[in-house]
file coords.txt (compact mmCIF, C-alpha atoms)
# COMPACT_ATOMS: atom_id res chain seq x y z
CA MET A 1 89.80 85.84 87.82
CA ARG A 2 93.29 84.45 87.27
CA LYS A 3 95.64 83.94 90.21
CA GLU A 4 99.23 82.81 90.06
CA ILE A 5 100.96 81.34 93.09
CA ARG A 6 104.67 80.55 93.16
CA ILE A 7 105.97 78.45 96.06
CA THR A 8 109.76 78.36 96.43
CA GLY A 9 112.12 76.62 98.80
CA THR A 10 114.71 73.89 99.01
CA GLY A 11 114.52 70.18 98.22
CA GLY A 12 112.96 68.29 101.12
CA GLN A 13 110.65 71.10 102.26
CA GLY A 14 107.58 69.65 100.55
CA ILE A 15 107.30 72.44 98.00
CA ILE A 16 105.86 70.21 95.26
CA LEU A 17 103.34 68.60 97.62
CA ALA A 18 102.26 72.10 98.71
CA GLY A 19 101.65 73.06 95.07
CA ILE A 20 99.65 69.89 94.42
CA ILE A 21 97.51 70.48 97.51
CA VAL A 22 96.72 74.07 96.47
CA ALA A 23 95.85 72.82 92.97
CA GLU A 24 93.58 70.05 94.23
CA ALA A 25 91.88 72.29 96.79
CA SER A 26 90.98 74.71 94.05
CA GLY A 27 90.51 72.36 91.09
CA LEU A 28 88.77 69.42 92.74
CA PHE A 29 86.94 71.07 95.63
CA GLU A 30 86.24 74.60 94.42
CA GLY A 31 85.56 73.89 90.76
CA LYS A 32 88.27 76.11 89.28
CA ASN A 33 90.46 75.45 86.30
CA VAL A 34 93.96 74.81 87.61
CA VAL A 35 97.36 74.03 86.13
CA GLN A 36 100.13 73.05 88.50
CA THR A 37 103.72 72.92 87.30
CA GLN A 38 107.21 72.23 88.51
CA ALA A 39 110.42 72.72 86.62
CA TYR A 40 113.58 70.69 87.12
CA GLY A 41 116.94 71.17 85.61
CA PRO A 42 120.63 70.88 86.29
CA GLU A 43 120.26 73.95 88.51
CA ALA A 44 117.65 72.30 90.72
CA ARG A 45 119.85 69.53 92.09
CA GLY A 46 120.21 70.07 95.81
CA GLY A 47 119.13 73.64 95.41
CA ALA A 48 116.08 75.75 94.79
CA SER A 49 112.76 74.00 94.40
CA ARG A 50 109.79 75.71 92.84
CA SER A 51 106.15 74.88 92.29
CA GLU A 52 103.62 77.03 90.46
CA VAL A 53 99.86 76.99 90.55
CA ILE A 54 97.61 78.93 88.21
CA ILE A 55 93.95 79.16 89.13
CA SER A 56 91.32 80.58 86.85
CA ASP A 57 87.62 80.70 86.13
CA GLU A 58 88.52 80.39 82.45
CA PRO A 59 90.47 77.71 80.58
CA ILE A 60 94.20 78.23 81.05
CA TYR A 61 96.13 78.48 77.80
CA PHE A 62 99.44 79.81 79.08
CA PRO A 63 100.40 77.79 82.13
CA HIS A 64 103.47 79.73 83.28
CA ALA A 65 103.34 82.07 86.25
CA THR A 66 104.80 85.26 84.85
CA ASN A 67 103.67 87.75 87.46
CA PRO A 68 102.78 85.83 90.58
CA ASP A 69 100.04 87.25 92.77
CA VAL A 70 101.54 85.32 95.65
CA LEU A 71 105.19 84.43 96.22
CA ILE A 72 106.04 82.01 99.03
CA MET A 73 109.69 81.84 100.11
CA MET A 74 110.39 78.93 102.46
CA SER A 75 114.20 79.19 102.26
CA PHE A 76 117.18 81.42 101.45
CA GLU A 77 117.36 79.93 97.97
CA GLY A 78 113.76 80.86 97.30
CA TYR A 79 114.42 84.40 98.46
CA TYR A 80 117.62 85.10 96.56
CA LYS A 81 116.44 83.49 93.39
CA PHE A 82 112.93 84.85 93.10
CA HIS A 83 112.28 87.97 95.18
CA SER A 84 113.78 90.45 92.75
CA HIS A 85 111.66 89.44 89.77
CA ILE A 86 108.39 90.25 91.40
CA HIS A 87 106.05 93.14 90.78
CA LYS A 88 104.97 95.41 93.59
CA ASN A 89 101.49 94.06 94.17
CA THR A 90 102.62 90.50 94.82
CA VAL A 91 101.80 89.22 98.30
CA LYS A 92 105.15 87.95 99.58
CA ILE A 93 105.24 85.48 102.44
CA GLY A 94 108.46 84.09 103.89
CA ASP A 95 109.61 81.69 106.58
CA SER A 96 111.09 83.77 109.40
CA PHE A 97 113.52 81.04 110.47
CA PHE A 98 115.42 81.30 107.19
CA LEU A 99 114.59 84.75 105.87
CA GLY A 100 114.94 86.38 109.29
CA LEU A 101 118.70 86.08 108.96
CA VAL A 102 118.92 87.84 105.59
CA GLN A 103 120.68 91.21 105.86
CA ASP A 104 118.75 94.11 104.36
CA LEU A 105 115.69 91.94 103.81
CA GLU A 106 113.05 93.70 101.75
CA LYS A 107 110.46 95.32 103.98
CA ASP A 108 107.28 94.14 102.34
CA ILE A 109 107.65 90.45 103.10
CA ILE A 110 105.22 88.89 105.59
CA LEU A 111 107.55 86.85 107.80
CA LEU A 112 105.90 84.01 109.69
CA PRO A 113 107.48 81.23 111.79
CA PHE A 114 106.39 78.18 109.75
CA THR A 115 109.46 76.05 110.41
CA GLU A 116 109.79 77.15 114.02
CA THR A 117 106.13 76.40 114.76
CA ALA A 118 106.35 73.02 113.02
CA ARG A 119 109.33 72.07 115.19
CA LYS A 120 108.10 73.47 118.50
CA VAL A 121 104.42 72.51 118.35
CA LEU A 122 104.38 69.44 116.11
CA GLY A 123 107.92 68.22 116.69
CA LYS A 124 108.84 68.00 113.02
CA ALA A 125 110.02 70.67 110.59
CA LEU A 126 108.36 68.77 107.76
CA PHE A 127 104.95 70.17 108.70
CA SER A 128 106.13 73.68 107.80
CA ASN A 129 104.65 73.45 104.30
CA ILE A 130 101.17 72.62 105.61
CA ILE A 131 101.33 75.38 108.24
CA MET A 132 102.30 77.73 105.41
CA LEU A 133 99.26 76.64 103.37
CA GLY A 134 96.94 77.44 106.27
CA ALA A 135 98.48 80.89 106.64
CA MET A 136 98.49 81.59 102.90
CA SER A 137 94.83 80.64 102.57
CA LYS A 138 93.88 82.91 105.44
CA ILE A 139 95.95 85.85 104.19
CA THR A 140 95.12 85.69 100.48
CA ASN A 141 91.66 84.05 100.41
CA ILE A 142 92.57 82.42 97.08
CA ILE A 143 91.52 79.03 98.41
CA GLY A 144 89.06 78.29 101.20
CA ILE A 145 90.02 76.57 104.43
CA GLU A 146 87.50 73.77 103.97
CA ALA A 147 88.81 72.92 100.49
CA LEU A 148 92.37 73.14 101.78
CA LYS A 149 91.65 70.68 104.57
CA LYS A 150 89.99 68.23 102.18
CA ALA A 151 92.94 68.41 99.80
CA VAL A 152 95.48 67.96 102.62
CA SER A 153 93.55 64.94 103.94
CA ASP A 154 93.60 63.34 100.49
CA ARG A 155 97.35 63.79 100.02
CA VAL A 156 98.97 62.96 103.36
CA PRO A 157 99.37 59.48 104.89
CA GLU A 158 96.23 58.54 106.81
CA ARG A 159 97.96 58.20 110.16
CA TYR A 160 99.24 61.78 109.92
CA ILE A 161 95.92 63.42 109.04
CA ASN A 162 95.29 64.72 112.56
CA GLU A 163 98.71 66.34 112.80
CA ASN A 164 98.25 67.87 109.36
CA MET A 165 94.84 69.32 110.29
CA LYS A 166 96.51 70.80 113.36
CA ALA A 167 99.20 72.21 111.06
CA VAL A 168 96.56 73.96 108.92
CA ASP A 169 95.00 75.44 112.08
CA LEU A 170 98.40 76.63 113.33
CA GLY A 171 98.93 78.41 110.01
CA ILE A 172 95.54 80.09 110.29
CA GLU A 173 96.44 81.27 113.81
CA LEU A 174 99.75 82.71 112.62
CA ALA A 175 97.92 84.60 109.87
CA GLU A 176 95.24 85.89 112.22
CA LYS A 177 97.88 87.09 114.68
CA TRP A 178 99.76 88.84 111.88
CA LYS A 179 96.58 90.42 110.58
CA SER A 180 95.56 91.74 113.99
CA GLU A 181 99.02 93.26 114.45
CA HIS A 182 98.96 94.92 111.03
CA SER A 183 95.43 96.26 110.85
CA SER A 184 95.07 99.95 111.48
CA MET B 185 116.00 66.27 71.83
CA ARG B 186 112.55 67.05 73.21
CA LYS B 187 110.33 64.27 74.50
CA GLU B 188 106.78 64.61 75.71
CA ILE B 189 105.20 61.99 77.96
CA ARG B 190 101.51 62.01 78.90
CA ILE B 191 100.39 59.69 81.70
CA THR B 192 96.63 59.25 82.03
CA GLY B 193 94.43 57.33 84.41
CA THR B 194 91.94 57.73 87.21
CA GLY B 195 92.22 59.41 90.59
CA GLY B 196 93.95 57.12 93.09
CA GLN B 197 96.20 55.39 90.54
CA GLY B 198 99.25 57.49 91.41
CA ILE B 199 99.34 59.28 88.05
CA ILE B 200 100.76 62.52 89.46
CA LEU B 201 103.40 60.72 91.50
CA ALA B 202 104.41 58.82 88.35
CA GLY B 203 104.85 62.12 86.49
CA ILE B 204 106.93 63.60 89.31
CA ILE B 205 109.16 60.53 89.43
CA VAL B 206 109.80 60.66 85.67
CA ALA B 207 110.57 64.38 85.96
CA GLU B 208 112.97 63.92 88.88
CA ALA B 209 114.70 60.93 87.27
CA SER B 210 115.41 63.00 84.22
CA GLY B 211 115.86 66.46 85.74
CA LEU B 212 117.74 65.66 88.92
CA PHE B 213 119.62 62.50 87.96
CA GLU B 214 120.17 62.80 84.23
CA GLY B 215 120.74 66.55 83.97
CA LYS B 216 117.90 67.35 81.56
CA ASN B 217 115.61 70.34 81.55
CA VAL B 218 112.18 69.14 82.63
CA VAL B 219 108.77 70.66 83.16
CA GLN B 220 106.12 68.53 84.81
CA THR B 221 102.50 69.61 84.78
CA GLN B 222 99.08 68.51 85.89
CA ALA B 223 95.78 70.11 85.07
CA TYR B 224 92.71 70.04 87.28
CA GLY B 225 89.28 71.28 86.55
CA PRO B 226 85.65 70.61 87.16
CA GLU B 227 85.98 67.67 84.75
CA ALA B 228 88.74 66.03 86.81
CA ARG B 229 86.68 65.33 89.91
CA GLY B 230 86.45 61.59 90.34
CA GLY B 231 87.39 61.13 86.73
CA ALA B 232 90.34 61.31 84.40
CA SER B 233 93.69 62.23 85.88
CA ARG B 234 96.55 63.38 83.69
CA SER B 235 100.18 64.24 84.23
CA GLU B 236 102.58 65.53 81.59
CA VAL B 237 106.35 65.56 81.49
CA ILE B 238 108.43 67.41 78.94
CA ILE B 239 112.12 66.55 78.82
CA SER B 240 114.61 68.49 76.76
CA ASP B 241 118.29 69.25 76.31
CA GLU B 242 117.26 72.87 75.74
CA PRO B 243 115.33 75.30 77.93
CA ILE B 244 111.59 74.61 77.70
CA TYR B 245 109.54 77.64 76.73
CA PHE B 246 106.25 75.97 75.89
CA PRO B 247 105.47 73.51 78.65
CA HIS B 248 102.39 71.81 77.17
CA ALA B 249 102.56 68.36 75.65
CA THR B 250 100.93 68.88 72.27
CA ASN B 251 102.09 65.76 70.46
CA PRO B 252 103.14 63.26 73.06
CA ASP B 253 105.91 60.86 72.12
CA VAL B 254 104.59 58.51 74.77
CA LEU B 255 100.98 58.06 75.92
CA ILE B 256 100.32 55.94 79.00
CA MET B 257 96.73 54.83 79.59
CA MET B 258 96.21 53.28 83.01
CA SER B 259 92.39 53.28 82.87
CA PHE B 260 89.31 53.43 80.61
CA GLU B 261 89.05 57.15 81.20
CA GLY B 262 92.59 57.68 79.99
CA TYR B 263 91.86 55.66 76.88
CA TYR B 264 88.57 57.21 75.87
CA LYS B 265 89.68 60.73 76.58
CA PHE B 266 93.12 60.77 75.06
CA HIS B 267 93.77 58.00 72.53
CA SER B 268 92.09 59.68 69.58
CA HIS B 269 94.14 62.88 69.73
CA ILE B 270 97.44 61.18 69.22
CA HIS B 271 99.65 61.12 66.16
CA LYS B 272 100.75 57.85 64.63
CA ASN B 273 104.30 57.73 65.93
CA THR B 274 103.30 57.98 69.59
CA VAL B 275 104.29 54.96 71.65
CA LYS B 276 101.03 53.95 73.35
CA ILE B 277 101.13 51.78 76.45
CA GLY B 278 98.01 50.64 78.30
CA ASP B 279 97.05 48.61 81.35
CA SER B 280 95.62 45.31 80.09
CA PHE B 281 93.32 44.90 83.09
CA PHE B 282 91.28 47.95 82.11
CA LEU B 283 91.96 48.38 78.39
CA GLY B 284 91.69 44.65 77.69
CA LEU B 285 87.91 44.95 78.06
CA VAL B 286 87.51 47.77 75.54
CA GLN B 287 85.65 46.64 72.43
CA ASP B 288 87.44 47.40 69.15
CA LEU B 289 90.53 48.56 70.98
CA GLU B 290 93.04 50.18 68.63
CA LYS B 291 95.64 47.68 67.54
CA ASP B 292 98.80 49.66 68.13
CA ILE B 293 98.60 49.84 71.92
CA ILE B 294 101.15 47.89 73.95
CA LEU B 295 98.97 46.19 76.57
CA LEU B 296 100.79 45.11 79.71
CA PRO B 297 99.39 43.73 82.99
CA PHE B 298 100.50 46.50 85.38
CA THR B 299 97.52 46.30 87.74
CA GLU B 300 97.30 42.51 87.58
CA THR B 301 101.02 42.09 88.34
CA ALA B 302 100.84 44.61 91.19
CA ARG B 303 97.99 42.67 92.77
CA LYS B 304 99.29 39.17 92.18
CA VAL B 305 102.98 39.63 92.92
CA LEU B 306 103.06 42.57 95.34
CA GLY B 307 99.57 42.20 96.81
CA LYS B 308 98.52 45.79 96.13
CA ALA B 309 97.16 47.45 93.00
CA LEU B 310 98.78 50.71 94.08
CA PHE B 311 102.17 49.55 92.81
CA SER B 312 100.84 49.51 89.24
CA ASN B 313 102.20 52.99 88.53
CA ILE B 314 105.75 52.04 89.52
CA ILE B 315 105.59 48.81 87.51
CA MET B 316 104.43 50.93 84.56
CA LEU B 317 107.43 53.26 84.99
CA GLY B 318 109.83 50.32 84.86
CA ALA B 319 108.20 49.06 81.66
CA MET B 320 108.01 52.50 80.05
CA SER B 321 111.69 53.16 80.76
CA LYS B 322 112.69 49.83 79.22
CA ILE B 323 110.46 50.26 76.15
CA THR B 324 111.17 53.92 75.34
CA ASN B 325 114.68 54.49 76.77
CA ILE B 326 113.70 58.08 77.57
CA ILE B 327 114.90 57.68 81.14
CA GLY B 328 117.49 55.24 82.45
CA ILE B 329 116.70 52.51 84.95
CA GLU B 330 119.30 53.74 87.45
CA ALA B 331 117.89 57.28 87.44
CA LEU B 332 114.36 55.86 87.71
CA LYS B 333 115.26 53.80 90.76
CA LYS B 334 116.92 56.79 92.46
CA ALA B 335 113.87 58.95 91.81
CA VAL B 336 111.46 56.26 93.05
CA SER B 337 113.54 55.80 96.23
CA ASP B 338 113.41 59.54 96.91
CA ARG B 339 109.63 59.78 96.52
CA VAL B 340 108.16 56.70 98.21
CA PRO B 341 107.95 56.09 101.98
CA GLU B 342 111.19 54.54 103.24
CA ARG B 343 109.60 51.33 104.49
CA TYR B 344 108.20 50.63 101.00
CA ILE B 345 111.43 51.18 99.05
CA ASN B 346 112.15 47.47 98.63
CA GLU B 347 108.68 46.73 97.29
CA ASN B 348 108.96 49.68 94.92
CA MET B 349 112.35 48.52 93.61
CA LYS B 350 110.76 45.14 93.01
CA ALA B 351 107.93 46.93 91.18
CA VAL B 352 110.43 48.64 88.85
CA ASP B 353 112.05 45.26 88.13
CA LEU B 354 108.67 43.66 87.45
CA GLY B 355 107.96 46.40 84.92
CA ILE B 356 111.29 45.81 83.21
CA GLU B 357 110.49 42.08 82.99
CA LEU B 358 107.08 42.79 81.43
CA ALA B 359 108.74 45.02 78.85
CA GLU B 360 111.47 42.49 78.07
CA LYS B 361 108.88 39.74 77.64
CA TRP B 362 106.83 41.96 75.34
CA LYS B 363 109.92 42.91 73.32
CA SER B 364 111.01 39.30 72.88
CA GLU B 365 107.51 38.37 71.67
CA HIS B 366 107.40 41.27 69.21
CA SER B 367 110.89 41.20 67.73
CA SER B 368 111.11 39.65 64.31
call {"tool": "encode", "arguments": {"input": "coords.txt", "output": "structure tokens"}}
result
Amino acid sequence: MRKEIRITGTGGQGIILAGIIVAEASGLFEGKNVVQTQAYGPEARGGASRSEVIISDEPIYFPHATNPDVLIMMSFEGYYKFHSHIHKNTVKIGDSFFLGLVQDLEKDIILLPFTETARKVLGKALFSNIIMLGAMSKITNIIGIEALKKAVSDRVPERYINENMKAVDLGIELAEKWKSEHSS
Amino acid sequence: MRKEIRITGTGGQGIILAGIIVAEASGLFEGKNVVQTQAYGPEARGGASRSEVIISDEPIYFPHATNPDVLIMMSFEGYYKFHSHIHKNTVKIGDSFFLGLVQDLEKDIILLPFTETARKVLGKALFSNIIMLGAMSKITNIIGIEALKKAVSDRVPERYINENMKAVDLGIELAEKWKSEHSS
């Protein structure tokens, strides 16, 4: 088992924190080998942000995500920069608030209202990354919900733990709703 | 120019945050190509934590630190696990509070009181990682102080920015004191 997850978005969306939480859920609480990476460069300033997580039962010798099993696109930048390099079996999940406005959006992207739900239900767009993690876990089963919640609790400020647990649950609900609408 | 920095310690010491701050200082504010990585595995639970940063003028194709130019050891675990794999030209910097108690400690480690200074001057051990970054920047010149301060400001909670700026300055002072005592 080797799974590669690439989370993309824009600076300020909590992309790196999301990658660290996935890595700790899997590496610390589910006993996997995990490498979590982010790349910065002149291109990254004010623009696309990217975080990669590789999860494996075996030691990981090549820590780059070459063919992600999961591609998360939280913003336009993430979509335009990364969607075309992806093979057909990748599970693609995007934020409907940003990607919903893209003309001729590719059909196989699971669009979910992470940012919209964060704003409307929790009052702050900054919970969108945690809502996304709940939904991704439910859709892909790469990490378990219990491990996710432990990892979120360890990484967010203590006084925001309750809101972040709620954010995970909201993500799970979005995924369940999507699944029920797309099962045949 | 390619520089590899490995920061080691124990869970809770802010090792990953320190790696991210170094990466953002260099990648976002000094225009370098940077890859920042952390590995998790069954061994990491409750034990050694490690964060690696590779900084280069060129694109980075192999993102593992094989021969770190700088090794930071914030705890016993970091010392015992990593010090013996290091080549002779590596700049080794350790926290005197933890490493000072090691019997037969290798002689070429720069021991500085990060944890002790954090506790005594700022009242909280959790600033030790930021003090370390100030000292590392001053000793190695791999990242500039201005870029470091920008990156710290972007990554710490707003109400703790002043204390964190003070932490950077305390680290610079420790490094300057060490340099003046070791110049001939």
call {"tool": "residues_around", "arguments": {"input": "coords.txt", "residues": "segment 289-303 of chain B", "least_positions_apart": "2", "cutoff": "7 Å", "atoms": "all atoms listed in the file", "output": "PyMOL selection string"}}
result
chain B and resi 276-281+286-287+305-309+311-312+315-316+358
call {"tool": "write_last_selection", "arguments": {"input": "coords.txt", "atoms": "C-alpha atoms", "output": "compact mmCIF listing (two decimals), keeping the file's coordinate frame"}}
result
# COMPACT_ATOMS: atom_id res chain seq x y z
CA LYS B 276 101.03 53.95 73.35
CA ILE B 277 101.13 51.78 76.45
CA GLY B 278 98.01 50.64 78.30
CA ASP B 279 97.05 48.61 81.35
CA SER B 280 95.62 45.31 80.09
CA PHE B 281 93.32 44.90 83.09
CA VAL B 286 87.51 47.77 75.54
CA GLN B 287 85.65 46.64 72.43
CA VAL B 305 102.98 39.63 92.92
CA LEU B 306 103.06 42.57 95.34
CA GLY B 307 99.57 42.20 96.81
CA LYS B 308 98.52 45.79 96.13
CA ALA B 309 97.16 47.45 93.00
CA PHE B 311 102.17 49.55 92.81
CA SER B 312 100.84 49.51 89.24
CA ILE B 315 105.59 48.81 87.51
CA MET B 316 104.43 50.93 84.56
CA LEU B 358 107.08 42.79 81.43
call {"tool": "residues_around", "arguments": {"input": "coords.txt", "residues": "Leu17 of chain A", "least_positions_apart": "3", "cutoff": "12 Å", "atoms": "all atoms listed in the file", "output": "PDB file with C-alpha atoms, in the coordinates of the input"}}
result
ATOM      1  CA  ILE A   7     105.970  78.450  96.060  1.00  0.00           C
ATOM      2  CA  THR A   8     109.760  78.360  96.430  1.00  0.00           C
ATOM      3  CA  GLY A   9     112.120  76.620  98.800  1.00  0.00           C
ATOM      4  CA  GLY A  11     114.520  70.180  98.220  1.00  0.00           C
ATOM      5  CA  GLY A  12     112.960  68.290 101.120  1.00  0.00           C
ATOM      6  CA  GLN A  13     110.650  71.100 102.260  1.00  0.00           C
ATOM      7  CA  GLY A  14     107.580  69.650 100.550  1.00  0.00           C
ATOM      8  CA  ILE A  20      99.650  69.890  94.420  1.00  0.00           C
ATOM      9  CA  ILE A  21      97.510  70.480  97.510  1.00  0.00           C
ATOM     10  CA  VAL A  22      96.720  74.070  96.470  1.00  0.00           C
ATOM     11  CA  ALA A  23      95.850  72.820  92.970  1.00  0.00           C
ATOM     12  CA  GLU A  24      93.580  70.050  94.230  1.00  0.00           C
ATOM     13  CA  GLN A  36     100.130  73.050  88.500  1.00  0.00           C
ATOM     14  CA  THR A  37     103.720  72.920  87.300  1.00  0.00           C
ATOM     15  CA  GLN A  38     107.210  72.230  88.510  1.00  0.00           C
ATOM     16  CA  SER A  49     112.760  74.000  94.400  1.00  0.00           C
ATOM     17  CA  ARG A  50     109.790  75.710  92.840  1.00  0.00           C
ATOM     18  CA  SER A  51     106.150  74.880  92.290  1.00  0.00           C
ATOM     19  CA  GLU A  52     103.620  77.030  90.460  1.00  0.00           C
ATOM     20  CA  VAL A  53      99.860  76.990  90.550  1.00  0.00           C
ATOM     21  CA  LEU A 126     108.360  68.770 107.760  1.00  0.00           C
ATOM     22  CA  PHE A 127     104.950  70.170 108.700  1.00  0.00           C
ATOM     23  CA  SER A 128     106.130  73.680 107.800  1.00  0.00           C
ATOM     24  CA  ASN A 129     104.650  73.450 104.300  1.00  0.00           C
ATOM     25  CA  ILE A 130     101.170  72.620 105.610  1.00  0.00           C
ATOM     26  CA  LEU A 133      99.260  76.640 103.370  1.00  0.00           C
ATOM     27  CA  ALA A 151      92.940  68.410  99.800  1.00  0.00           C
ATOM     28  CA  VAL A 152      95.480  67.960 102.620  1.00  0.00           C
ATOM     29  CA  ASP A 154      93.600  63.340 100.490  1.00  0.00           C
ATOM     30  CA  ARG A 155      97.350  63.790 100.020  1.00  0.00           C
ATOM     31  CA  VAL A 156      98.970  62.960 103.360  1.00  0.00           C
TER      32      VAL A 156
ATOM     33  CA  ILE B 200     100.760  62.520  89.460  1.00  0.00           C
ATOM     34  CA  LEU B 201     103.400  60.720  91.500  1.00  0.00           C
ATOM     35  CA  ILE B 204     106.930  63.600  89.310  1.00  0.00           C
ATOM     36  CA  ARG B 339     109.630  59.780  96.520  1.00  0.00           C
TER      37      ARG B 339
END
call {"tool": "residues_near_point", "arguments": {"input": "coords.txt", "point": "(98.5, 79.5, 86.4)", "cutoff": "12 Å", "atoms": "only C-alpha atoms", "output": "CSV table (one decimal) with C-alpha atoms, in the frame of the given file"}}
result
chain,number,residue,atom,x,y,z
A,1,MET,CA,89.8,85.8,87.8
A,2,ARG,CA,93.3,84.4,87.3
A,3,LYS,CA,95.6,83.9,90.2
A,4,GLU,CA,99.2,82.8,90.1
A,5,ILE,CA,101.0,81.3,93.1
A,6,ARG,CA,104.7,80.6,93.2
A,19,GLY,CA,101.6,73.1,95.1
A,22,VAL,CA,96.7,74.1,96.5
A,23,ALA,CA,95.8,72.8,93.0
A,26,SER,CA,91.0,74.7,94.0
A,27,GLY,CA,90.5,72.4,91.1
A,32,LYS,CA,88.3,76.1,89.3
A,33,ASN,CA,90.5,75.4,86.3
A,34,VAL,CA,94.0,74.8,87.6
A,35,VAL,CA,97.4,74.0,86.1
A,36,GLN,CA,100.1,73.0,88.5
A,37,THR,CA,103.7,72.9,87.3
A,38,GLN,CA,107.2,72.2,88.5
A,51,SER,CA,106.2,74.9,92.3
A,52,GLU,CA,103.6,77.0,90.5
A,53,VAL,CA,99.9,77.0,90.6
A,54,ILE,CA,97.6,78.9,88.2
A,55,ILE,CA,94.0,79.2,89.1
A,56,SER,CA,91.3,80.6,86.8
A,57,ASP,CA,87.6,80.7,86.1
A,58,GLU,CA,88.5,80.4,82.4
A,59,PRO,CA,90.5,77.7,80.6
A,60,ILE,CA,94.2,78.2,81.0
A,61,TYR,CA,96.1,78.5,77.8
A,62,PHE,CA,99.4,79.8,79.1
A,63,PRO,CA,100.4,77.8,82.1
A,64,HIS,CA,103.5,79.7,83.3
A,65,ALA,CA,103.3,82.1,86.2
A,66,THR,CA,104.8,85.3,84.8
A,67,ASN,CA,103.7,87.8,87.5
A,68,PRO,CA,102.8,85.8,90.6
A,69,ASP,CA,100.0,87.2,92.8
A,70,VAL,CA,101.5,85.3,95.6
B,221,THR,CA,102.5,69.6,84.8
B,222,GLN,CA,99.1,68.5,85.9
B,223,ALA,CA,95.8,70.1,85.1
B,224,TYR,CA,92.7,70.0,87.3
call {"tool": "residues_around", "arguments": {"input": "coords.txt", "residues": "Pro341 of chain B", "least_positions_apart": "6", "cutoff": "12 Å", "atoms": "only C-alpha atoms", "output": "list in words"}}
result
Val156 and Pro157 of chain A; Glu347 and Asn348 of chain B
call {"tool": "atom_distance", "arguments": {"input": "coords.txt", "atom1": "atom CA of Glu342 of chain B", "atom2": "atom CA of Thr194 of chain B"}}
result
25.3 Å
call {"tool": "closest_residue", "arguments": {"input": "coords.txt", "among": "B:His271, B:Lys322, B:Lys363, B:Lys333", "to": "Lys350 of chain B", "atoms": "all atoms listed in the file"}}
result
B:Lys333
call {"tool": "atom_distance", "arguments": {"input": "coords.txt", "atom1": "atom CA of Gly262 of chain B", "atom2": "atom CA of Phe282 of chain B"}}
result
10.0 Å
call {"tool": "atom_distance", "arguments": {"input": "coords.txt", "atom1": "atom CA of Met349 of chain B", "atom2": "atom CA of Ile327 of chain B"}}
result
15.7 Å
call {"tool": "axis_aligned_box", "arguments": {"input": "coords.txt", "around": "segment 282-291 of chain B", "padding_each_side": "5 Å", "output": "JSON"}}
result
{"center_x": 90.6, "center_y": 47.4, "center_z": 74.8, "size_x": 20.0, "size_y": 15.5, "size_z": 24.6}
call {"tool": "closest_residue", "arguments": {"input": "coords.txt", "among": "A:Glu30, A:Ile86, A:His182, A:Ile15", "to": "Glu146 of chain A", "atoms": "all atoms listed in the file"}}
result
A:Glu30
